[in-house]
file upload_15.tsv (TSV, C-alpha atoms)
chain	number	residue	atom	x	y	z
A	10	MET	CA	14.73	140.80	60.26
A	11	ALA	CA	13.43	144.31	60.97
A	12	ARG	CA	13.21	143.43	64.67
A	13	LEU	CA	16.82	142.24	64.64
A	14	VAL	CA	17.98	145.50	63.05
A	15	ARG	CA	16.02	147.68	65.46
A	16	ALA	CA	17.40	145.70	68.40
A	17	ASP	CA	21.01	146.30	67.32
A	18	ARG	CA	21.56	149.05	64.76
A	19	ARG	CA	25.30	148.36	64.68
A	20	ALA	CA	25.05	144.66	63.84
A	21	THR	CA	27.00	143.52	60.79
A	22	VAL	CA	25.41	141.51	57.99
A	23	THR	CA	27.17	138.43	59.36
A	24	GLN	CA	25.71	138.98	62.83
A	25	ILE	CA	22.21	139.62	61.47
A	26	THR	CA	22.41	136.45	59.36
A	27	THR	CA	23.57	134.34	62.33
A	28	ARG	CA	20.84	135.67	64.62
A	29	TYR	CA	18.17	135.20	61.96
A	30	ASN	CA	19.21	131.61	61.33
A	31	GLN	CA	19.17	130.90	65.07
A	32	GLY	CA	15.47	131.73	65.13
A	33	GLY	CA	14.40	128.40	63.68
A	34	GLN	CA	13.51	129.65	60.20
A	35	LYS	CA	14.99	128.19	57.05
A	36	SER	CA	18.65	129.21	56.89
A	37	ILE	CA	19.51	132.07	54.55
A	38	SER	CA	22.81	133.46	53.29
A	39	GLU	CA	24.48	136.81	53.99
A	40	ARG	CA	23.83	137.75	50.38
A	41	THR	CA	20.11	137.19	50.90
A	42	VAL	CA	20.17	139.27	54.09
A	43	ARG	CA	21.96	142.14	52.36
A	44	ARG	CA	19.53	142.08	49.43
A	45	THR	CA	16.50	141.86	51.74
A	46	LEU	CA	17.67	144.79	53.87
A	47	ARG	CA	18.04	146.93	50.73
A	48	GLN	CA	14.56	145.93	49.57
A	49	MET	CA	13.18	146.91	52.98
A	50	GLY	CA	14.75	150.37	52.61
A	51	TYR	CA	17.62	149.88	55.08
A	52	SER	CA	21.11	151.10	54.30
A	53	SER	CA	24.37	151.08	56.25
A	54	ARG	CA	25.27	154.63	57.22
A	55	ARG	CA	27.40	156.55	59.66
A	56	PRO	CA	25.28	157.66	62.63
A	57	HIS	CA	24.65	161.34	63.23
A	58	ARG	CA	26.93	162.69	65.95
A	59	VAL	CA	25.06	164.78	68.48
A	60	PRO	CA	26.28	166.58	71.62
A	61	LEU	CA	25.56	165.03	74.99
A	62	LEU	CA	23.12	167.60	76.36
A	63	SER	CA	21.89	168.16	79.90
A	64	ALA	CA	18.71	170.10	80.62
A	65	LYS	CA	20.84	173.12	81.55
A	66	ASN	CA	22.78	172.96	78.27
A	67	ARG	CA	19.56	172.69	76.27
A	68	LYS	CA	18.30	175.82	77.99
A	69	LEU	CA	21.52	177.73	77.24
A	70	ARG	CA	21.46	176.64	73.59
A	71	LEU	CA	17.85	177.74	73.28
A	72	GLN	CA	18.65	181.11	74.86
A	73	PHE	CA	21.52	181.62	72.40
A	74	ALA	CA	19.28	180.79	69.46
A	75	GLN	CA	16.57	183.15	70.70
A	76	ALA	CA	19.10	185.96	71.14
A	77	HIS	CA	20.40	185.50	67.58
A	78	ARG	CA	17.25	184.53	65.71
A	79	ASN	CA	17.13	187.91	63.97
A	80	TRP	CA	20.77	187.91	62.90
A	81	THR	CA	21.09	188.05	59.12
A	82	ILE	CA	23.80	186.51	56.97
A	83	GLU	CA	25.45	189.94	56.97
A	84	ASP	CA	25.64	189.79	60.76
A	85	TRP	CA	27.17	186.29	60.70
A	86	LYS	CA	29.81	187.50	58.25
A	87	ASN	CA	31.27	189.46	61.17
A	88	VAL	CA	32.02	186.27	63.12
A	89	ALA	CA	35.37	184.47	63.03
A	90	TRP	CA	34.92	180.76	63.81
A	91	SER	CA	37.58	178.72	65.59
A	92	ASP	CA	38.08	175.24	66.95
A	93	GLU	CA	40.59	172.50	67.69
A	94	SER	CA	40.31	169.14	65.97
A	95	ARG	CA	42.16	165.84	66.24
A	96	PHE	CA	42.89	163.66	63.22
A	97	LEU	CA	43.92	160.02	63.60
A	98	LEU	CA	46.08	157.92	61.31
A	99	ARG	CA	43.77	154.92	61.45
A	100	HIS	CA	40.37	154.68	63.03
A	101	GLY	CA	37.32	152.53	62.57
A	102	ARG	CA	33.99	154.11	61.75
A	103	VAL	CA	30.80	153.09	63.51
A	104	ARG	CA	28.02	152.28	61.05
A	105	ILE	CA	24.36	151.64	61.70
A	106	TRP	CA	21.36	150.28	59.77
A	107	ARG	CA	18.55	152.79	59.31
A	108	LEU	CA	15.72	153.79	57.02
A	109	GLN	CA	15.93	157.10	55.16
A	110	HIS	CA	13.65	158.96	57.60
A	111	GLU	CA	15.35	157.61	60.75
A	112	SER	CA	18.48	159.81	60.76
A	113	MET	CA	17.49	161.57	64.02
A	114	ASP	CA	15.93	158.54	65.71
A	115	PRO	CA	17.57	158.19	69.16
A	116	SER	CA	18.70	154.65	68.32
A	117	CYS	CA	20.57	156.00	65.27
A	118	LEU	CA	22.59	158.69	67.06
A	119	VAL	CA	26.04	158.72	68.66
A	120	SER	CA	26.81	161.15	71.47
A	121	THR	CA	29.93	163.32	71.35
A	122	VAL	CA	31.94	165.00	74.09
A	123	GLN	CA	34.80	167.48	73.87
A	124	ALA	CA	38.48	166.44	73.94
A	125	GLY	CA	40.19	163.01	73.98
A	126	GLY	CA	42.22	160.66	71.78
A	127	GLY	CA	45.64	160.74	70.07
A	128	GLY	CA	46.94	161.67	66.64
A	129	VAL	CA	47.51	165.15	65.19
A	130	MET	CA	45.71	168.08	66.79
A	131	VAL	CA	45.29	171.38	64.97
A	132	TRP	CA	43.63	174.70	65.71
A	133	GLY	CA	42.02	176.71	62.94
A	134	ILE	CA	40.08	179.90	62.32
A	135	PHE	CA	38.04	181.26	59.41
A	136	SER	CA	35.34	183.77	58.60
A	137	TRP	CA	33.08	184.36	55.61
A	138	HIS	CA	35.79	186.63	54.21
A	139	SER	CA	38.83	184.40	54.42
A	140	PHE	CA	40.55	181.33	55.82
A	141	GLY	CA	42.88	181.97	58.71
A	142	PRO	CA	45.93	180.00	59.80
A	143	LEU	CA	45.88	176.34	60.74
A	144	VAL	CA	48.15	175.76	63.74
A	145	PRO	CA	49.49	172.32	64.75
A	146	ILE	CA	49.34	171.68	68.50
A	147	GLU	CA	52.19	169.43	69.52
A	148	HIS	CA	50.94	168.64	73.01
A	149	ARG	CA	47.71	169.07	74.92
A	150	CYS	CA	46.22	172.53	74.41
A	151	ASN	CA	46.49	174.07	77.87
A	152	ALA	CA	45.95	177.72	78.80
A	153	THR	CA	49.57	178.70	78.11
A	154	ALA	CA	49.56	177.15	74.64
A	155	TYR	CA	46.18	178.68	73.85
A	156	LEU	CA	47.34	182.12	74.96
A	157	SER	CA	50.10	181.92	72.36
A	158	ILE	CA	47.52	181.01	69.71
A	159	VAL	CA	45.27	183.88	70.72
A	160	ALA	CA	48.09	186.45	70.76
A	161	ASP	CA	49.93	185.22	67.65
A	162	HIS	CA	47.02	184.18	65.42
A	163	VAL	CA	43.59	185.31	66.67
A	164	HIS	CA	44.66	188.92	67.27
A	165	PRO	CA	46.19	189.61	63.83
A	166	PHE	CA	43.36	187.78	62.07
A	167	MET	CA	40.65	189.77	63.86
A	168	THR	CA	42.32	193.16	63.44
A	169	THR	CA	42.96	192.47	59.74
A	170	MET	CA	39.49	191.12	58.93
A	171	TYR	CA	37.61	193.62	61.09
A	172	PRO	CA	39.65	196.83	61.28
A	173	THR	CA	36.63	198.82	62.51
A	174	SER	CA	36.35	196.59	65.62
A	175	ASP	CA	32.96	195.16	64.61
A	176	GLY	CA	34.12	191.53	64.58
A	177	TYR	CA	33.09	188.68	66.88
A	178	PHE	CA	35.45	185.88	67.83
A	179	GLN	CA	33.85	182.49	68.44
A	180	GLN	CA	35.41	179.80	70.63
A	181	ASP	CA	33.82	176.88	72.44
A	182	ASN	CA	33.87	176.25	76.18
A	183	ALA	CA	36.96	174.04	76.41
A	184	PRO	CA	38.71	174.49	79.78
A	185	CYS	CA	41.76	176.19	78.28
A	186	HIS	CA	39.50	178.78	76.61
A	187	LYS	CA	37.96	179.76	79.95
A	188	ALA	CA	41.22	180.10	81.90
A	189	GLY	CA	41.88	183.33	83.77
A	190	ILE	CA	44.86	184.37	81.66
A	191	ILE	CA	42.74	183.98	78.51
A	192	SER	CA	39.84	186.01	79.92
A	193	ASP	CA	42.27	188.73	81.04
A	194	TRP	CA	43.83	188.91	77.56
A	195	PHE	CA	40.44	189.28	75.88
A	196	LEU	CA	39.46	191.95	78.40
A	197	GLU	CA	42.57	193.94	77.54
A	198	HIS	CA	41.62	193.81	73.83
A	199	ASP	CA	37.85	194.26	74.09
A	200	ASN	CA	38.11	197.55	72.18
A	201	GLU	CA	39.31	195.62	69.10
A	202	PHE	CA	36.75	192.80	68.85
A	203	THR	CA	34.09	191.01	70.89
A	204	VAL	CA	34.20	187.43	72.15
A	205	LEU	CA	30.93	185.74	71.23
A	206	LYS	CA	29.25	184.16	74.24
A	207	TRP	CA	28.94	180.54	73.12
A	208	PRO	CA	26.50	177.91	74.44
A	209	PRO	CA	28.00	174.64	75.76
A	210	GLN	CA	28.13	171.43	73.70
A	211	SER	CA	27.12	173.12	70.44
A	212	PRO	CA	29.29	171.74	67.61
A	213	ASP	CA	26.17	171.71	65.42
A	214	LEU	CA	26.15	175.51	65.57
A	215	ASN	CA	29.80	175.90	64.60
A	216	PRO	CA	30.31	175.72	60.81
A	217	ILE	CA	34.01	174.92	61.21
A	218	GLU	CA	32.98	171.39	62.26
A	219	HIS	CA	31.94	170.77	58.66
A	220	LEU	CA	35.33	171.97	57.44
A	221	TRP	CA	36.99	169.33	59.61
A	222	ASP	CA	34.73	166.74	57.96
A	223	VAL	CA	35.80	167.98	54.52
A	224	VAL	CA	39.48	167.72	55.48
A	225	GLU	CA	38.95	164.20	56.81
A	226	ARG	CA	37.18	163.08	53.63
A	227	GLU	CA	39.99	164.49	51.49
A	228	ILE	CA	42.53	162.54	53.55
A	229	ARG	CA	40.55	159.29	53.12
A	230	ILE	CA	40.54	159.57	49.31
A	231	MET	CA	44.26	160.35	48.98
A	232	ASP	CA	46.02	157.96	46.60
A	233	VAL	CA	48.90	157.59	49.05
A	234	GLN	CA	47.67	157.46	52.63
A	235	PRO	CA	49.75	159.07	55.42
A	236	THR	CA	51.72	156.44	57.32
A	237	ASN	CA	53.06	158.61	60.16
A	238	LEU	CA	52.02	161.70	62.09
A	239	ARG	CA	54.34	164.02	60.13
A	240	GLN	CA	52.78	162.97	56.83
A	241	LEU	CA	49.31	163.28	58.33
A	242	CYS	CA	50.05	166.80	59.56
A	243	ASP	CA	51.43	167.82	56.16
A	244	ALA	CA	48.32	166.44	54.44
A	245	ILE	CA	45.98	168.34	56.77
A	246	MET	CA	47.84	171.62	56.24
A	247	SER	CA	47.88	171.16	52.46
A	248	ILE	CA	44.17	170.36	52.22
A	249	TRP	CA	43.24	173.32	54.44
A	250	THR	CA	44.97	175.81	52.13
A	251	LYS	CA	43.19	174.41	49.07
A	252	LEU	CA	39.58	174.44	50.35
A	253	PRO	CA	37.47	176.51	47.94
A	254	GLU	CA	36.07	179.89	49.01
A	255	GLU	CA	32.50	178.92	48.25
A	256	CYS	CA	32.83	176.01	50.68
A	257	PHE	CA	33.37	178.10	53.81
A	258	GLN	CA	31.12	180.95	52.66
A	259	HIS	CA	28.23	178.55	52.15
A	260	LEU	CA	28.75	177.23	55.69
A	261	VAL	CA	28.55	180.72	57.22
A	262	GLU	CA	25.44	181.43	55.15
A	263	SER	CA	23.80	178.38	56.77
A	264	MET	CA	23.81	180.03	60.22
A	265	PRO	CA	20.20	181.35	60.11
A	266	ARG	CA	19.03	177.80	59.33
A	267	ARG	CA	21.16	176.38	62.15
A	268	ILE	CA	19.65	178.85	64.61
A	269	GLU	CA	16.15	178.00	63.42
A	270	ALA	CA	16.89	174.28	63.83
A	271	VAL	CA	17.93	174.79	67.48
A	272	LEU	CA	14.77	176.81	68.10
A	273	LYS	CA	12.66	174.06	66.54
A	274	ALA	CA	14.45	171.44	68.67
A	275	LYS	CA	13.93	173.59	71.80
A	276	GLY	CA	17.66	173.56	72.42
A	277	GLY	CA	18.08	169.89	71.58
A	278	PRO	CA	20.44	168.35	68.98
A	279	THR	CA	19.95	169.14	65.31
A	280	ARG	CA	20.90	167.57	61.98
A	281	TYR	CA	23.77	170.02	61.44

call {"tool": "encode", "arguments": {"input": "upload_15.tsv", "output": "structure tokens"}}
result
Amino acid sequence: MARLVRADRRATVTQITTRYNQGGQKSISERTVRRTLRQMGYSSRRPHRVPLLSAKNRKLRLQFAQAHRNWTIEDWKNVAWSDESRFLLRHGRVRIWRLQHESMDPSCLVSTVQAGGGGVMVWGIFSWHSFGPLVPIEHRCNATAYLSIVADHVHPFMTTMYPTSDGYFQQDNAPCHKAGIISDWFLEHDNEFTVLKWPPQSPDLNPIEHLWDVVEREIRIMDVQPTNLRQLCDAIMSIWTKLPEECFQHLVESMPRRIEAVLKAKGGPTRY
């Protein structure tokens, strides 16, 4: 049975039972399979999502971690974190069988890439000091749409949170973030805050990713589930405004540990 699980981590109990019974042994039931897997220490869990990293990206992540290994929590408090995220009305979750110590085993991981999919897309920003606005994005976030976000939301947030111009604005390397009109805008305002140079494919370093997970969990446990995109958008906005302060502050305070994890992994994926 252990060989069957290791051969296909995503197999359901029904599939494992069928394959086991095809092996010529005495037939067993799904209930027996489920009980035996538990006794062996296996449990059905969501796989860790890790970025799809090339050798070049690993090197850039390692260089970022080395450059910021001496940053304290006080330093990270000066960073405003941002990201886009897409929420779907209905979506299946991949689950895998693994032992407790196998969470980072290559066979128990799922690769992630930026962009894709349908549903409701939002952009958000926060720092250790405060939540910022959550902005619905009606269509694909191109350079023109992102410029409006930067001018209308990033700029007032940064100048309010960091009036002495000691703030850092974090954004990932999505194409719209690297467009010429965006770079020109930041250059014109470089006396007000600094854009943090961010390594590619590094969601594990961005604490806002965990906030998206919190929002998604809150949606899943709602008594009345959203049935259309308008309801889903309203739910996301409502949950965002009610997230407790200690939640996002704790995430920022985890940054030294995140940096250390990337150093330990030599730029590779981490548990975060």

call {"tool": "residues_near_point", "arguments": {"input": "upload_15.tsv", "point": "(19.6, 181.7, 69.5)", "cutoff": "12 Å", "atoms": "all atoms listed in the file", "output": "VMD selection string"}}
result
chain A and resid 67 to 80 206 to 208 211 214 264 to 276

call {"tool": "atom_distance", "arguments": {"input": "upload_15.tsv", "atom1": "atom CA of Val233 of chain A", "atom2": "atom CA of Ile248 of chain A"}}
result
14.0 Å

call {"tool": "residues_near_point", "arguments": {"input": "upload_15.tsv", "point": "(24.1, 149.1, 61.1)", "cutoff": "7 Å", "atoms": "all atoms listed in the file", "output": "ChimeraX atom specification"}}
result
/A:18-21,53-54,104-107

call {"tool": "atom_distance", "arguments": {"input": "upload_15.tsv", "atom1": "atom CA of Met167 of chain A", "atom2": "atom CA of Trp132 of chain A"}}
result
15.5 Å

call {"tool": "residues_around", "arguments": {"input": "upload_15.tsv", "residues": "Pro216 of chain A", "least_positions_apart": "4", "cutoff": "9 Å", "atoms": "only C-alpha atoms", "output": "PyMOL selection string"}}
result
chain A and resi 90+212+220+257+260-261+263-264+281

call {"tool": "atom_distance", "arguments": {"input": "upload_15.tsv", "atom1": "atom CA of Pro172 of chain A", "atom2": "atom CA of Phe202 of chain A"}}
result
9.1 Å

call {"tool": "closest_residue", "arguments": {"input": "upload_15.tsv", "among": "A:Glu39, A:Asp92, A:Glu227, A:Asp161", "to": "Phe178 of chain A", "atoms": "all atoms listed in the file"}}
result
A:Asp92

call {"tool": "axis_aligned_box", "arguments": {"input": "upload_15.tsv", "around": "segment 30-47 of chain A", "padding_each_side": "5 Å", "output": "AutoDock Vina command-line options"}}
result
--center_x 19.0 --center_y 137.6 --center_z 57.3 --size_x 21.0 --size_y 28.7 --size_z 25.7

call {"tool": "closest_residue", "arguments": {"input": "upload_15.tsv", "among": "A:Gly128, A:Gly33, A:Gly133, A:Pro115", "to": "Glu218 of chain A", "atoms": "all atoms listed in the file"}}
result
A:Gly133

call {"tool": "residues_around", "arguments": {"input": "upload_15.tsv", "residues": "Gly32 of chain A", "least_positions_apart": "5", "cutoff": "12 Å", "atoms": "all atoms listed in the file", "output": "PyMOL selection string"}}
result
chain A and resi 10+12-13+25-27+37

call {"tool": "residues_around", "arguments": {"input": "upload_15.tsv", "residues": "Lys86 of chain A", "least_positions_apart": "6", "cutoff": "9 Å", "atoms": "only C-alpha atoms", "output": "ChimeraX atom specification"}}
result
/A:136-138,176,258,261-262

call {"tool": "closest_residue", "arguments": {"input": "upload_15.tsv", "among": "A:Arg28, A:Lys187, A:His198, A:His148", "to": "His164 of chain A", "atoms": "only C-alpha atoms"}}
result
A:His198

call {"tool": "closest_residue", "arguments": {"input": "upload_15.tsv", "among": "A:Leu62, A:Cys150, A:Val129, A:Leu46", "to": "Pro235 of chain A", "atoms": "only C-alpha atoms"}}
result
A:Val129

call {"tool": "closest_residue", "arguments": {"input": "upload_15.tsv", "among": "A:Gln210, A:Thr173, A:Ser139, A:Asn237", "to": "Pro253 of chain A", "atoms": "only C-alpha atoms"}}
result
A:Ser139

call {"tool": "residues_around", "arguments": {"input": "upload_15.tsv", "residues": "Gly50 of chain A", "least_positions_apart": "4", "cutoff": "12 Å", "atoms": "all atoms listed in the file", "output": "list in words"}}
result
Ala11, Val14, Arg43, Arg44, Thr45, Leu46, Trp106, Arg107, Leu108, Gln109, His110 and Glu111 of chain A

call {"tool": "residues_around", "arguments": {"input": "upload_15.tsv", "residues": "Asp175 of chain A", "least_positions_apart": "6", "cutoff": "10 Å", "atoms": "all atoms listed in the file", "output": "ChimeraX atom specification"}}
result
/A:84,87-88,167-168,200-203

call {"tool": "closest_residue", "arguments": {"input": "upload_15.tsv", "among": "A:Leu61, A:Cys256, A:Arg229, A:His162", "to": "Pro278 of chain A", "atoms": "only C-alpha atoms"}}
result
A:Leu61

call {"tool": "build_atoms", "arguments": {"input": "upload_15.tsv", "residues": "segment 202-218 of chain A", "atoms": "N, CA, C and O atoms", "output": "mmCIF file, keeping the file's coordinate frame"}}
result
data_model
loop_
_atom_site.group_PDB
_atom_site.id
_atom_site.type_symbol
_atom_site.label_atom_id
_atom_site.label_comp_id
_atom_site.auth_asym_id
_atom_site.auth_seq_id
_atom_site.Cartn_x
_atom_site.Cartn_y
_atom_site.Cartn_z
ATOM 1 N N PHE A 202 37.779 193.746 69.309
ATOM 2 C CA PHE A 202 36.750 192.800 68.850
ATOM 3 C C PHE A 202 36.034 192.230 70.077
ATOM 4 O O PHE A 202 36.487 192.398 71.213
ATOM 5 N N THR A 203 34.927 191.554 69.823
ATOM 6 C CA THR A 203 34.090 191.010 70.890
ATOM 7 C C THR A 203 34.151 189.490 70.873
ATOM 8 O O THR A 203 34.106 188.878 69.801
ATOM 9 N N VAL A 204 34.268 188.888 72.051
ATOM 10 C CA VAL A 204 34.200 187.430 72.150
ATOM 11 C C VAL A 204 32.737 187.021 72.220
ATOM 12 O O VAL A 204 31.988 187.488 73.094
ATOM 13 N N LEU A 205 32.317 186.188 71.292
ATOM 14 C CA LEU A 205 30.930 185.740 71.230
ATOM 15 C C LEU A 205 30.646 184.775 72.374
ATOM 16 O O LEU A 205 31.378 183.799 72.563
ATOM 17 N N LYS A 206 29.619 185.057 73.150
ATOM 18 C CA LYS A 206 29.250 184.160 74.240
ATOM 19 C C LYS A 206 28.624 182.900 73.654
ATOM 20 O O LYS A 206 27.554 182.944 73.052
ATOM 21 N N TRP A 207 29.280 181.776 73.842
ATOM 22 C CA TRP A 207 28.940 180.540 73.120
ATOM 23 C C TRP A 207 28.259 179.540 74.040
ATOM 24 O O TRP A 207 28.720 179.306 75.167
ATOM 25 N N PRO A 208 27.177 178.907 73.596
ATOM 26 C CA PRO A 208 26.500 177.910 74.440
ATOM 27 C C PRO A 208 27.296 176.609 74.504
ATOM 28 O O PRO A 208 28.000 176.253 73.545
ATOM 29 N N PRO A 209 27.224 175.876 75.616
ATOM 30 C CA PRO A 209 28.000 174.640 75.760
ATOM 31 C C PRO A 209 27.515 173.528 74.846
ATOM 32 O O PRO A 209 26.351 173.498 74.439
ATOM 33 N N GLN A 210 28.435 172.636 74.496
ATOM 34 C CA GLN A 210 28.130 171.430 73.700
ATOM 35 C C GLN A 210 27.307 171.780 72.445
ATOM 36 O O GLN A 210 26.228 171.239 72.218
ATOM 37 N N SER A 211 27.865 172.672 71.628
ATOM 38 C CA SER A 211 27.120 173.120 70.440
ATOM 39 C C SER A 211 27.945 173.034 69.158
ATOM 40 O O SER A 211 28.046 174.002 68.397
ATOM 41 N N PRO A 212 28.549 171.867 68.866
ATOM 42 C CA PRO A 212 29.290 171.740 67.610
ATOM 43 C C PRO A 212 28.394 171.884 66.387
ATOM 44 O O PRO A 212 28.865 172.288 65.313
ATOM 45 N N ASP A 213 27.092 171.579 66.548
ATOM 46 C CA ASP A 213 26.170 171.710 65.420
ATOM 47 C C ASP A 213 25.937 173.159 65.026
ATOM 48 O O ASP A 213 25.430 173.429 63.933
ATOM 49 N N LEU A 214 26.292 174.092 65.895
ATOM 50 C CA LEU A 214 26.150 175.510 65.570
ATOM 51 C C LEU A 214 27.430 176.105 64.989
ATOM 52 O O LEU A 214 27.409 177.235 64.494
ATOM 53 N N ASN A 215 28.521 175.372 65.059
ATOM 54 C CA ASN A 215 29.800 175.900 64.600
ATOM 55 C C ASN A 215 30.120 175.372 63.208
ATOM 56 O O ASN A 215 30.421 174.184 63.041
ATOM 57 N N PRO A 216 30.086 176.217 62.183
ATOM 58 C CA PRO A 216 30.310 175.720 60.810
ATOM 59 C C PRO A 216 31.701 175.153 60.571
ATOM 60 O O PRO A 216 31.896 174.412 59.610
ATOM 61 N N ILE A 217 32.664 175.463 61.427
ATOM 62 C CA ILE A 217 34.010 174.920 61.210
ATOM 63 C C ILE A 217 34.032 173.405 61.372
ATOM 64 O O ILE A 217 34.888 172.723 60.810
ATOM 65 N N GLU A 218 33.052 172.845 62.106
ATOM 66 C CA GLU A 218 32.980 171.390 62.260
ATOM 67 C C GLU A 218 32.841 170.716 60.895
ATOM 68 O O GLU A 218 33.396 169.634 60.669
#
